[in-house]
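J.: Below you'll find my_file.txt; it's compact mmCIF, C-alpha atoms.
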```txt
# COMPACT_ATOMS: atom_id res chain seq x y z
CA MET A 17 -6.04 13.52 14.74
CA ASN A 18 -5.29 16.43 12.43
CA ALA A 19 -2.58 17.09 9.90
CA ASN A 20 0.48 18.90 11.16
CA PRO A 21 -0.17 22.53 10.09
CA ALA A 22 3.56 23.10 9.72
CA PHE A 23 3.96 20.24 7.23
CA SER A 24 4.58 21.37 3.64
CA TRP A 25 5.46 19.07 0.75
CA THR A 26 6.89 21.91 -1.32
CA ASP A 27 10.07 22.20 0.76
CA LYS A 28 10.64 18.44 1.07
CA THR A 29 12.86 15.95 -0.70
CA VAL A 30 10.73 12.80 -1.13
CA LEU A 31 12.02 9.34 -2.02
CA VAL A 32 9.86 6.37 -3.00
CA THR A 33 11.23 2.83 -2.94
CA GLY A 34 9.72 0.62 -5.60
CA ALA A 35 8.83 3.84 -7.39
CA THR A 36 8.34 2.26 -10.83
CA GLY A 37 5.49 0.07 -9.59
CA SER A 38 1.80 0.93 -9.90
CA PHE A 39 1.61 2.85 -6.63
CA GLY A 40 4.96 4.57 -7.13
CA ARG A 41 4.13 5.88 -10.59
CA ARG A 42 0.81 7.32 -9.46
CA PHE A 43 2.36 8.78 -6.30
CA LEU A 44 5.10 10.38 -8.39
CA HIS A 45 2.53 11.91 -10.76
CA THR A 46 0.41 13.28 -7.90
CA MET A 47 3.39 14.71 -6.06
CA HIS A 48 4.81 16.37 -9.16
CA THR A 49 1.57 17.84 -10.53
CA ARG A 50 -0.07 18.91 -7.27
CA TRP A 51 2.53 19.41 -4.55
CA SER A 52 5.80 20.12 -6.41
CA PRO A 53 8.29 18.95 -3.75
CA ARG A 54 11.79 20.36 -3.88
CA ARG A 55 12.97 16.99 -5.17
CA LEU A 56 11.43 13.62 -5.99
CA ILE A 57 13.67 10.56 -6.00
CA VAL A 58 12.68 7.44 -7.92
CA PHE A 59 14.36 4.45 -6.28
CA SER A 60 13.89 1.03 -7.89
CA ARG A 61 15.83 -1.84 -9.43
CA ASP A 62 13.95 -1.76 -12.77
CA GLU A 63 16.20 -0.02 -15.30
CA GLN A 64 13.71 -0.19 -18.19
CA LYS A 65 10.82 1.31 -16.24
CA GLN A 66 13.07 4.08 -14.93
CA HIS A 67 14.05 4.82 -18.52
CA GLU A 68 10.37 5.07 -19.49
CA LEU A 69 9.74 7.48 -16.62
CA GLN A 70 12.71 9.60 -17.64
CA LEU A 71 11.26 9.89 -21.15
CA TYR A 72 7.85 10.81 -19.77
CA TYR A 73 9.25 13.45 -17.38
CA ARG A 74 11.95 14.64 -19.80
CA GLY A 75 13.47 17.97 -18.83
CA ILE A 76 12.12 18.02 -15.24
CA ASP A 77 15.17 18.57 -13.07
CA SER A 78 13.35 18.10 -9.74
CA ILE A 79 12.99 14.33 -10.38
CA ARG A 80 16.06 12.20 -9.77
CA TYR A 81 16.45 8.52 -10.67
CA VAL A 82 18.41 6.00 -8.59
CA ILE A 83 18.87 2.36 -9.51
CA GLY A 84 19.01 0.31 -6.34
CA ASP A 85 17.58 -2.57 -4.35
CA VAL A 86 16.21 -2.36 -0.81
CA ARG A 87 18.25 -5.47 -0.09
CA ASN A 88 21.39 -3.31 -0.40
CA LEU A 89 21.81 -1.26 2.78
CA ASP A 90 24.78 0.76 1.52
CA ARG A 91 22.85 1.85 -1.57
CA LEU A 92 19.91 2.93 0.57
CA ARG A 93 22.19 4.94 2.87
CA ASN A 94 23.60 6.74 -0.13
CA ALA A 95 20.19 7.38 -1.70
CA PHE A 96 18.63 8.63 1.55
CA SER A 97 21.20 11.38 2.04
CA GLY A 98 19.36 14.70 2.27
CA VAL A 99 15.91 13.06 2.07
CA ASP A 100 13.06 14.31 4.28
CA VAL A 101 10.29 11.78 3.49
CA VAL A 102 10.58 8.13 2.47
CA VAL A 103 7.59 6.15 1.23
CA HIS A 104 8.54 2.48 1.28
CA ALA A 105 6.55 0.73 -1.44
CA ALA A 106 9.10 -1.81 -2.69
CA ALA A 107 7.94 -5.39 -2.16
CA MET A 108 7.47 -8.81 -3.65
CA LYS A 109 3.67 -8.98 -3.85
CA GLN A 110 2.55 -11.90 -6.02
CA ILE A 111 1.21 -14.56 -3.65
CA PRO A 112 2.08 -17.63 -5.79
CA THR A 113 5.57 -16.29 -6.50
CA CYS A 114 6.23 -15.65 -2.82
CA GLU A 115 4.96 -19.13 -1.94
CA THR A 116 7.56 -20.77 -4.18
CA ASN A 117 10.34 -18.25 -3.48
CA ALA A 118 9.93 -17.75 0.26
CA TRP A 119 13.51 -16.72 1.02
CA GLU A 120 13.53 -14.19 -1.81
CA ALA A 121 10.34 -12.69 -0.38
CA MET A 122 12.01 -12.54 3.03
CA LEU A 123 15.02 -10.73 1.60
CA THR A 124 12.89 -8.04 -0.04
CA ASN A 125 9.94 -7.69 2.33
CA VAL A 126 11.65 -8.22 5.70
CA ILE A 127 15.37 -7.57 5.29
CA GLY A 128 14.49 -4.76 2.88
CA ALA A 129 12.20 -3.15 5.47
CA ARG A 130 14.96 -3.42 8.09
CA ASN A 131 17.44 -1.84 5.68
CA VAL A 132 15.07 1.05 5.01
CA ILE A 133 14.80 1.66 8.76
CA LEU A 134 18.57 1.53 9.34
CA ALA A 135 19.32 3.78 6.37
CA ALA A 136 16.67 6.28 7.45
CA VAL A 137 18.17 6.51 10.95
CA ASP A 138 21.69 6.95 9.55
CA ALA A 139 20.56 9.63 7.07
CA ARG A 140 18.33 11.41 9.60
CA VAL A 141 15.21 11.17 7.47
CA GLU A 142 12.23 12.83 9.19
CA TRP A 143 9.24 10.75 8.05
CA VAL A 144 9.20 7.11 6.85
CA MET A 145 5.90 5.53 5.76
CA ASN A 146 5.68 1.80 5.10
CA LEU A 147 3.05 0.33 2.77
CA SER A 148 1.43 -2.89 3.97
CA THR A 149 -1.54 -5.08 3.09
CA ASP A 150 -4.64 -6.71 4.53
CA LYS A 151 -2.86 -10.02 3.96
CA ALA A 152 -0.57 -9.16 6.89
CA VAL A 153 -3.51 -9.70 9.28
CA HIS A 154 -3.63 -13.33 10.45
CA PRO A 155 -1.39 -14.29 7.51
CA ILE A 156 -1.58 -17.68 5.85
CA SER A 157 0.75 -16.83 2.94
CA VAL A 158 4.46 -16.10 2.73
CA TYR A 159 3.58 -12.66 1.36
CA GLY A 160 1.29 -11.87 4.28
CA ALA A 161 3.77 -13.20 6.85
CA THR A 162 6.63 -11.11 5.46
CA LYS A 163 4.50 -7.97 5.38
CA LEU A 164 3.41 -8.59 8.98
CA LEU A 165 7.08 -8.77 9.99
CA GLY A 166 7.68 -5.54 8.08
CA GLU A 167 4.90 -3.85 10.05
CA LYS A 168 6.35 -5.11 13.33
CA LEU A 169 9.79 -3.80 12.42
CA PHE A 170 8.36 -0.33 11.80
CA VAL A 171 6.45 -0.34 15.09
CA GLU A 172 9.61 -1.42 16.92
CA ALA A 173 11.67 1.26 15.17
CA ALA A 174 9.17 3.94 16.22
CA ALA A 175 9.30 2.76 19.83
CA LEU A 176 13.10 2.86 19.87
CA ARG A 177 13.06 6.44 18.55
CA ASP A 178 10.64 7.45 21.33
CA GLY A 179 9.17 10.44 19.48
CA ARG A 180 12.44 11.49 17.83
CA ALA A 181 12.95 11.53 14.08
CA PRO A 182 12.80 9.47 12.04
CA ARG A 183 9.12 8.81 12.61
CA PHE A 184 8.11 5.35 11.38
CA SER A 185 4.50 4.43 10.55
CA THR A 186 2.57 2.07 8.29
CA VAL A 187 -0.39 2.30 5.92
CA ARG A 188 -2.35 -0.94 5.54
CA TYR A 189 -4.95 -1.41 2.80
CA GLY A 190 -6.40 -4.03 0.47
CA ASN A 191 -6.47 -4.68 -3.27
CA VAL A 192 -5.96 -1.78 -5.67
CA LEU A 193 -7.89 -1.50 -8.91
CA GLY A 194 -5.90 -0.92 -12.07
CA THR A 195 -2.64 -2.46 -10.85
CA ARG A 196 -0.63 -5.34 -12.24
CA GLY A 197 -1.30 -7.42 -9.14
CA SER A 198 -5.06 -7.05 -9.42
CA VAL A 199 -7.24 -9.85 -10.76
CA VAL A 200 -9.08 -7.32 -12.93
CA PRO A 201 -6.67 -7.32 -15.93
CA MET A 202 -6.88 -11.12 -16.01
CA PHE A 203 -10.69 -11.01 -16.05
CA VAL A 204 -10.59 -8.43 -18.86
CA ARG A 205 -8.31 -10.69 -20.93
CA GLN A 206 -10.43 -13.74 -20.21
CA ARG A 207 -13.58 -11.87 -21.20
CA ASP A 208 -12.26 -11.72 -24.76
CA GLU A 209 -11.71 -15.48 -24.66
CA GLY A 210 -15.21 -16.19 -23.34
CA VAL A 211 -14.19 -18.12 -20.20
CA VAL A 212 -13.42 -16.61 -16.78
CA THR A 213 -11.61 -18.61 -14.08
CA VAL A 214 -12.75 -18.11 -10.48
CA THR A 215 -11.12 -19.77 -7.48
CA ASP A 216 -14.16 -19.65 -5.17
CA SER A 217 -17.51 -17.91 -5.68
CA ARG A 218 -17.71 -16.89 -2.00
CA MET A 219 -14.53 -14.81 -2.08
CA THR A 220 -14.62 -11.13 -1.07
CA ARG A 221 -11.91 -8.48 -1.16
CA PHE A 222 -11.33 -4.86 -0.15
CA TRP A 223 -10.99 -2.57 -3.16
CA ILE A 224 -9.63 0.95 -3.56
CA THR A 225 -8.42 2.88 -6.59
CA ARG A 226 -4.80 3.90 -7.07
CA ASP A 227 -5.73 7.55 -6.55
CA GLU A 228 -7.46 6.68 -3.28
CA GLY A 229 -4.39 4.77 -2.14
CA VAL A 230 -2.03 7.61 -3.01
CA GLU A 231 -4.24 10.27 -1.41
CA PHE A 232 -4.53 8.17 1.74
CA VAL A 233 -0.77 7.76 2.04
CA ILE A 234 -0.27 11.51 1.59
CA ARG A 235 -2.80 12.32 4.31
CA CYS A 236 -1.24 9.82 6.69
CA VAL A 237 2.30 11.15 6.19
CA GLU A 238 0.97 14.60 7.10
CA ARG A 239 -0.56 13.19 10.33
CA MET A 240 1.91 10.55 11.45
CA GLU A 241 3.52 10.73 14.87
CA GLY A 242 5.25 7.35 14.80
CA GLY A 243 4.22 3.76 15.45
CA GLU A 244 0.71 3.99 13.99
CA VAL A 245 -0.87 1.64 11.47
CA PHE A 246 -3.31 3.66 9.34
CA VAL A 247 -6.26 1.79 7.80
CA PRO A 248 -8.67 3.40 5.32
CA LYS A 249 -12.42 2.78 5.46
CA ALA A 250 -12.16 0.76 2.28
CA PRO A 251 -15.27 -0.84 0.74
CA SER A 252 -15.41 -4.45 -0.39
CA ALA A 253 -16.87 -6.49 -3.23
CA GLY A 254 -17.47 -10.16 -3.95
CA VAL A 255 -15.59 -11.86 -6.74
CA MET A 256 -18.86 -12.77 -8.46
CA ASP A 257 -19.88 -9.11 -8.52
CA LEU A 258 -16.56 -8.37 -10.17
CA VAL A 259 -17.12 -11.08 -12.78
CA ALA A 260 -20.69 -9.94 -13.41
CA THR A 261 -19.47 -6.39 -13.95
CA ILE A 262 -16.54 -7.22 -16.22
CA ALA A 263 -17.64 -10.35 -18.09
CA PRO A 264 -21.36 -10.93 -17.56
CA ASP A 265 -21.80 -13.20 -20.58
CA CYS A 266 -18.81 -15.46 -20.07
CA ARG A 267 -18.70 -19.05 -18.90
CA ILE A 268 -17.17 -19.45 -15.45
CA ASP A 269 -14.70 -22.20 -14.61
CA TYR A 270 -14.18 -22.77 -10.87
CA ILE A 271 -10.58 -23.82 -10.31
CA GLY A 272 -10.31 -23.94 -6.51
CA ILE A 273 -8.61 -21.64 -4.04
CA ARG A 274 -4.85 -21.27 -4.42
CA GLU A 275 -2.29 -21.90 -1.71
CA GLY A 276 -1.88 -18.81 0.44
CA GLU A 277 -5.29 -17.34 -0.45
CA LYS A 278 -8.16 -16.61 1.93
CA LEU A 279 -11.87 -16.54 1.24
CA HIS A 280 -12.15 -13.15 2.95
CA GLU A 281 -9.67 -10.52 4.11
CA VAL A 282 -9.31 -8.61 7.38
CA LEU A 283 -7.92 -5.09 7.72
CA ILE A 284 -8.32 -4.85 11.50
CA ALA A 285 -8.23 -7.98 13.64
CA GLU A 286 -10.16 -8.39 16.88
CA ASP A 287 -6.87 -8.48 18.78
CA GLU A 288 -6.11 -4.97 17.49
CA ALA A 289 -9.51 -3.44 18.30
CA ARG A 290 -8.64 -2.24 21.79
CA ARG A 291 -5.74 -0.19 20.39
CA THR A 292 -7.73 1.20 17.46
CA ARG A 293 -9.47 4.55 17.19
CA GLU A 294 -12.02 5.39 14.52
CA LEU A 295 -11.82 8.71 12.71
CA ASP A 296 -14.18 9.99 10.03
CA ASP A 297 -12.22 8.58 7.09
CA MET A 298 -9.90 6.02 8.64
CA PHE A 299 -8.94 3.82 11.56
CA VAL A 300 -5.67 4.29 13.44
CA ILE A 301 -4.11 1.33 15.23
CA TRP A 302 -1.82 2.71 17.89
CA PRO A 303 1.05 0.86 19.55
CA SER A 304 0.41 -0.08 23.15
CA SER A 305 2.74 2.71 24.32
CA ALA A 306 0.48 5.46 22.87
CA THR A 307 -1.63 6.39 25.88
CA THR A 308 -1.81 10.18 25.83
CA GLY A 309 -2.56 13.09 23.52
CA ASN A 310 -3.36 12.29 19.90
CA GLY A 311 -2.57 8.65 20.63
CA ARG A 312 -6.13 8.30 21.87
CA ALA A 313 -7.91 10.72 19.52
CA GLY A 314 -11.02 9.33 17.82
CA ARG A 315 -13.78 6.94 18.82
CA ALA A 316 -12.99 3.78 20.73
CA LEU A 317 -14.19 0.49 19.24
CA PRO A 318 -15.75 -2.55 20.89
CA ASP A 319 -13.18 -5.15 21.94
CA THR A 320 -14.77 -7.63 19.53
CA PHE A 321 -14.59 -5.30 16.50
CA GLN A 322 -13.11 -6.56 13.25
CA TYR A 323 -12.94 -4.83 9.87
CA THR A 324 -13.58 -7.60 7.37
CA SER A 325 -14.35 -7.78 3.67
CA ASP A 326 -17.34 -10.06 4.24
CA GLY A 327 -18.75 -8.30 7.32
CA THR A 328 -18.18 -4.80 8.63
CA ALA A 329 -16.88 -3.20 5.41
CA ARG A 330 -19.43 -1.48 3.18
CA ARG A 331 -20.20 -3.59 0.11
CA LEU A 332 -19.99 -1.88 -3.25
CA THR A 333 -22.98 -2.09 -5.54
CA ARG A 334 -22.27 -3.36 -9.03
CA GLN A 335 -22.74 0.13 -10.43
CA GLU A 336 -20.28 1.53 -7.90
CA LEU A 337 -17.86 -1.24 -8.79
CA LYS A 338 -18.24 -0.45 -12.49
CA ASP A 339 -17.62 3.24 -11.85
CA ARG A 340 -14.45 2.40 -9.93
CA LEU A 341 -13.22 0.08 -12.66
CA VAL A 342 -13.60 2.87 -15.21
CA GLU A 343 -12.03 5.39 -12.82
CA SER A 344 -8.96 3.18 -12.39
CA GLY A 345 -7.70 4.42 -15.75
CA ASP A 346 -5.77 1.32 -16.80
CA LEU A 347 -8.90 -0.57 -17.81
CA PRO A 348 -11.13 -0.23 -20.88
CA ARG A 349 -14.59 1.17 -20.43
CA ILE A 350 -16.99 -1.67 -19.74
```
Mind converting the file's structure to structure tokens?
T.:
Amino acid sequence: MNANPAFSWTDKTVLVTGATGSFGRRFLHTMHTRWSPRRLIVFSRDEQKQHELQLYYRGIDSIRYVIGDVRNLDRLRNAFSGVDVVVHAAAMKQIPTCETNAWEAMLTNVIGARNVILAAVDARVEWVMNLSTDKAVHPISVYGATKLLGEKLFVEAAALRDGRAPRFSTVRYGNVLGTRGSVVPMFVRQRDEGVVTVTDSRMTRFWITRDEGVEFVIRCVERMEGGEVFVPKAPSAGVMDLVATIAPDCRIDYIGIREGEKLHEVLIAEDEARRTRELDDMFVIWPSSATTGNGRAGRALPDTFQYTSDGTARRLTRQELKDRLVESGDLPRI
């Protein structure tokens, strides 16, 4: 499954929903400094963070700023006018917050995804990439359940288009180092206090850096045909390795697993294995309708295959984990 040789970012207008978040800011930086699209549109509801971005990118006319919420379909339709590529990163992501505000999570993560799809069809956007999470696989949290529904909406939208633009696909990956939602900043703060809180010592998670996440999304947009779920070959690490790397001399308080959390995460479920093909740097989960051409490119997997943080994923050594923590950029050298 190769990139479309005709695809060029330089002649595209690219819009990112949730663009003032951790992913959006890094995606914006990478796009602007490396690919120089015709126009970059920052779409988010955070006025202060947009103001900070405008100060940082002062004088750059190719970046446009739009205040809006994915819950508002009319605003999306207006913002998507003339857009070629949409990367849908807007979401409510904090598990405890979603657990206690389930309907609000539904409005953003499910209704918002539906609105993005409808607006993209109306505006004749060419490529629409949805960002999802490992927590959407066999979800036990409100966050995971809403992101699973978002994935399903994108697969359905691709099937209804039947190869016509817009093309709708999804990228699914795990935790990202150096982001606000990561446990790492909390461990760094707690290190200074001398006590680190851990929910369960057995816990494992997938980990990638922000740059890896951004690069993966870019590659997948260049390859997408519609309906796929792209999964990177992300490594994993245990929570105790993370603690030993960040705060090796601290006391550990075990506080018990929180509602909506799992001990381990899954990026590809056994039920998805028969529709999954393995490429050198990723897995591609195809919809059941993809039976010809690139839809079956790559290596088939055993029917019992799962990609799990405690099993099939490669485990990071503590030195590799330390290198990634430093590489993340938002963390002090440790």
J.: Quick one: residues within 12 Å of Phe203 in chain A, all atoms listed in the file counted, chain neighbours fewer than 5 positions away excluded, as a list in words?
T.: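 Within the cut-off, the hits are Gly194, Ser198, Asp208, Glu209, Gly210, Val211, Val212, Thr213, Val214, Val255, Met256, Leu258, Val259, Ala260, Thr261, Ile262, Ala263, Pro264, Cys266, Arg267, Ile268, Asp269, Leu341, Leu347, Pro348 and Ile350 of chain A.
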J.: Of the candidates A:Ser185, A:Ser38, A:Thr225, A:Ser252, which one gets nearest to Asn146 in chain A if we count only C-alpha atoms?
T.: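 Looking at the shortest contact to Asn146 in chain A, the residue is A:Ser185.
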J.: Need the shell around Ile234 in chain A: protein/DNA/RNA residues with any atom at most 10 Å away, counting all atoms listed in the file. Skip same-chain ones fewer than 2 positions apart. Format as a list in words?
T.: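 After dropping sequence-adjacent residues, the list is Trp25, Phe43, Thr46, Met47, Val103, Met145, Glu228, Gly229, Val230, Glu231, Phe232, Cys236, Val237, Glu238 and Arg239 of chain A.
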J.: Step by step, gather every atom of range 327-340 of chain A that the file lists, find the box along x, y and z that holds them, add 3 Å on each side, and finally give centre and edge lengths in Å to one decimal, as lines of an AutoDock Vina configuration file.
T.:
```
center_x = -18.7
center_y = -2.5
center_z = -1.9
size_x = 14.5
size_y = 17.5
size_z = 27.1
```
J.: What is the distance between CA of Thr116 in chain A and CA of Val158 in chain A, in Å to one decimal?
T.: 8.9 Å
J.: Would you list the contacts of Ala316 in chain A as a PyMOL selection string, taking every protein, DNA or RNA residue within 8 Å and counting only C-alpha atoms, but skipping same-chain residues closer than 4 positions in sequence?
T.: chain A and resi 290+292-294
J.: At a cut-off of 8 Å around the point (-17.0, -5.9, -6.3) (file coordinates), what residues fall inside when counting all atoms listed in the file? I'd like the answer as number ranges by chain.
T.: A: 220-221, 223, 252-258, 331-334, 337
J.: In terms of the shortest atom-to-atom distance over all atoms listed in the file, which of A:Gly75, A:Pro155, A:Pro248, A:Gly84 is closest to Arg188 in chain A?
T.: A:Pro248
J.: May I ask for the distance between CA of Arg274 in chain A and CA of Ile156 in chain A, given in Å to one decimal place?
T.: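 Straight-line distance from CA of Arg274 in chain A to CA of Ile156 in chain A works out to 11.4 Å.
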J.: Extract, using only C-alpha atoms, all DNA, RNA and protein residues at most 10 Å from Val132 in chain A, discarding same-chain residues fewer than 4 positions from it, and format them as a PyMOL selection string.
T.: chain A and resi 33+86-89+92-93+96+102-104+126-128+136-138+144+146+170
J.: Kindly give the distance, in Å, that separates CA of Ile79 in chain A and CA of Val58 in chain A, rounded to a single decimal.
T.: 7.3 Å
J.: Quick one: which range 115-193 of chain A residues come within 12 Å of range 275-279 of chain A, and what is the nearest atom pair for each with the distance in Å to one decimal, counting all atoms listed in the file, rows ordered by chain and ascending number, as a Markdown table?
T.:
```
| residue | atom | partner | partner_atom | distance |
| --- | --- | --- | --- | --- |
| A:Glu115 | CA | A:Gly276 | CA | 7.2 |
| A:Thr116 | CA | A:Glu275 | CA | 10.2 |
| A:Ala118 | CA | A:Gly276 | CA | 11.9 |
| A:Asp150 | CA | A:Lys278 | CA | 10.8 |
| A:Lys151 | CA | A:Lys278 | CA | 8.7 |
| A:Ala152 | CA | A:Gly276 | CA | 11.7 |
| A:Val153 | CA | A:Lys278 | CA | 11.1 |
| A:His154 | CA | A:Lys278 | CA | 10.2 |
| A:Pro155 | CA | A:Gly276 | CA | 8.4 |
| A:Ile156 | CA | A:Gly276 | CA | 5.5 |
| A:Ser157 | CA | A:Gly276 | CA | 4.1 |
| A:Val158 | CA | A:Gly276 | CA | 7.3 |
| A:Tyr159 | CA | A:Gly276 | CA | 8.3 |
| A:Gly160 | CA | A:Gly276 | CA | 8.5 |
| A:Ala161 | CA | A:Gly276 | CA | 10.2 |
```
J.: Which is closer to Trp119 in chain A than all the others in A:Thr162, A:Ala135, A:Val300, A:Lys28, using only C-alpha atoms?
T.: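 Using only C-alpha atoms, the shortest distance to Trp119 in chain A belongs to A:Thr162.
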J.: For Leu44 in chain A, find every residue with an atom within 9 Å (counting all atoms listed in the file), except residues of its own chain fewer than 4 positions away, and show them as an MDAnalysis selection string.
T.: chainID A and resid 32 35 39:40 48:49 56:58
J.: Here is a test: counting only C-alpha atoms, which residue of A:Tyr72, A:Tyr81, A:Tyr323, A:Phe184 is nearest to Ala129 in chain A?
T.: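 Comparing A:Tyr72, A:Tyr81, A:Tyr323, A:Phe184 against Ala129 in chain A, the winner is A:Phe184.
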J.: Please output range 55-69 of chain A, rebuilt to include N, CA, C and O atoms, as a PDB file, in the coordinates of the input.
T.:
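Output saved as part-v9.pdb:
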```
ATOM      1  N   ARG A  55      12.384  18.047  -4.357  1.00  0.00           N
ATOM      2  CA  ARG A  55      12.970  16.990  -5.170  1.00  0.00           C
ATOM      3  C   ARG A  55      12.197  15.704  -4.957  1.00  0.00           C
ATOM      4  O   ARG A  55      11.760  15.399  -3.847  1.00  0.00           O
ATOM      5  N   LEU A  56      12.034  14.951  -6.027  1.00  0.00           N
ATOM      6  CA  LEU A  56      11.430  13.620  -5.990  1.00  0.00           C
ATOM      7  C   LEU A  56      12.470  12.618  -6.444  1.00  0.00           C
ATOM      8  O   LEU A  56      13.084  12.798  -7.510  1.00  0.00           O
ATOM      9  N   ILE A  57      12.671  11.567  -5.662  1.00  0.00           N
ATOM     10  CA  ILE A  57      13.670  10.560  -6.000  1.00  0.00           C
ATOM     11  C   ILE A  57      12.992   9.236  -6.284  1.00  0.00           C
ATOM     12  O   ILE A  57      12.277   8.695  -5.440  1.00  0.00           O
ATOM     13  N   VAL A  58      13.212   8.737  -7.488  1.00  0.00           N
ATOM     14  CA  VAL A  58      12.680   7.440  -7.920  1.00  0.00           C
ATOM     15  C   VAL A  58      13.735   6.389  -7.612  1.00  0.00           C
ATOM     16  O   VAL A  58      14.813   6.379  -8.216  1.00  0.00           O
ATOM     17  N   PHE A  59      13.420   5.507  -6.668  1.00  0.00           N
ATOM     18  CA  PHE A  59      14.360   4.450  -6.280  1.00  0.00           C
ATOM     19  C   PHE A  59      13.746   3.114  -6.634  1.00  0.00           C
ATOM     20  O   PHE A  59      12.682   2.741  -6.119  1.00  0.00           O
ATOM     21  N   SER A  60      14.387   2.374  -7.533  1.00  0.00           N
ATOM     22  CA  SER A  60      13.890   1.030  -7.890  1.00  0.00           C
ATOM     23  C   SER A  60      15.014   0.283  -8.590  1.00  0.00           C
ATOM     24  O   SER A  60      16.029   0.866  -8.977  1.00  0.00           O
ATOM     25  N   ARG A  61      14.807  -1.019  -8.767  1.00  0.00           N
ATOM     26  CA  ARG A  61      15.830  -1.840  -9.430  1.00  0.00           C
ATOM     27  C   ARG A  61      15.497  -2.092 -10.889  1.00  0.00           C
ATOM     28  O   ARG A  61      16.229  -2.812 -11.570  1.00  0.00           O
ATOM     29  N   ASP A  62      14.404  -1.501 -11.400  1.00  0.00           N
ATOM     30  CA  ASP A  62      13.950  -1.760 -12.770  1.00  0.00           C
ATOM     31  C   ASP A  62      14.469  -0.680 -13.716  1.00  0.00           C
ATOM     32  O   ASP A  62      13.923   0.422 -13.813  1.00  0.00           O
ATOM     33  N   GLU A  63      15.548  -0.985 -14.409  1.00  0.00           N
ATOM     34  CA  GLU A  63      16.200  -0.020 -15.300  1.00  0.00           C
ATOM     35  C   GLU A  63      15.272   0.416 -16.433  1.00  0.00           C
ATOM     36  O   GLU A  63      15.197   1.614 -16.757  1.00  0.00           O
ATOM     37  N   GLN A  64      14.556  -0.526 -17.050  1.00  0.00           N
ATOM     38  CA  GLN A  64      13.710  -0.190 -18.190  1.00  0.00           C
ATOM     39  C   GLN A  64      12.569   0.742 -17.786  1.00  0.00           C
ATOM     40  O   GLN A  64      12.287   1.724 -18.481  1.00  0.00           O
ATOM     41  N   LYS A  65      11.931   0.464 -16.675  1.00  0.00           N
ATOM     42  CA  LYS A  65      10.820   1.310 -16.240  1.00  0.00           C
ATOM     43  C   LYS A  65      11.304   2.698 -15.821  1.00  0.00           C
ATOM     44  O   LYS A  65      10.603   3.697 -16.030  1.00  0.00           O
ATOM     45  N   GLN A  66      12.507   2.769 -15.233  1.00  0.00           N
ATOM     46  CA  GLN A  66      13.070   4.080 -14.930  1.00  0.00           C
ATOM     47  C   GLN A  66      13.325   4.861 -16.218  1.00  0.00           C
ATOM     48  O   GLN A  66      13.083   6.081 -16.291  1.00  0.00           O
ATOM     49  N   HIS A  67      13.816   4.173 -17.237  1.00  0.00           N
ATOM     50  CA  HIS A  67      14.050   4.820 -18.520  1.00  0.00           C
ATOM     51  C   HIS A  67      12.751   5.376 -19.096  1.00  0.00           C
ATOM     52  O   HIS A  67      12.709   6.510 -19.607  1.00  0.00           O
ATOM     53  N   GLU A  68      11.668   4.598 -18.987  1.00  0.00           N
ATOM     54  CA  GLU A  68      10.370   5.070 -19.490  1.00  0.00           C
ATOM     55  C   GLU A  68       9.894   6.296 -18.727  1.00  0.00           C
ATOM     56  O   GLU A  68       9.352   7.242 -19.316  1.00  0.00           O
ATOM     57  N   LEU A  69      10.111   6.313 -17.410  1.00  0.00           N
ATOM     58  CA  LEU A  69       9.740   7.480 -16.620  1.00  0.00           C
ATOM     59  C   LEU A  69      10.572   8.701 -17.002  1.00  0.00           C
ATOM     60  O   LEU A  69      10.057   9.824 -17.083  1.00  0.00           O
TER      61      LEU A  69
END
```
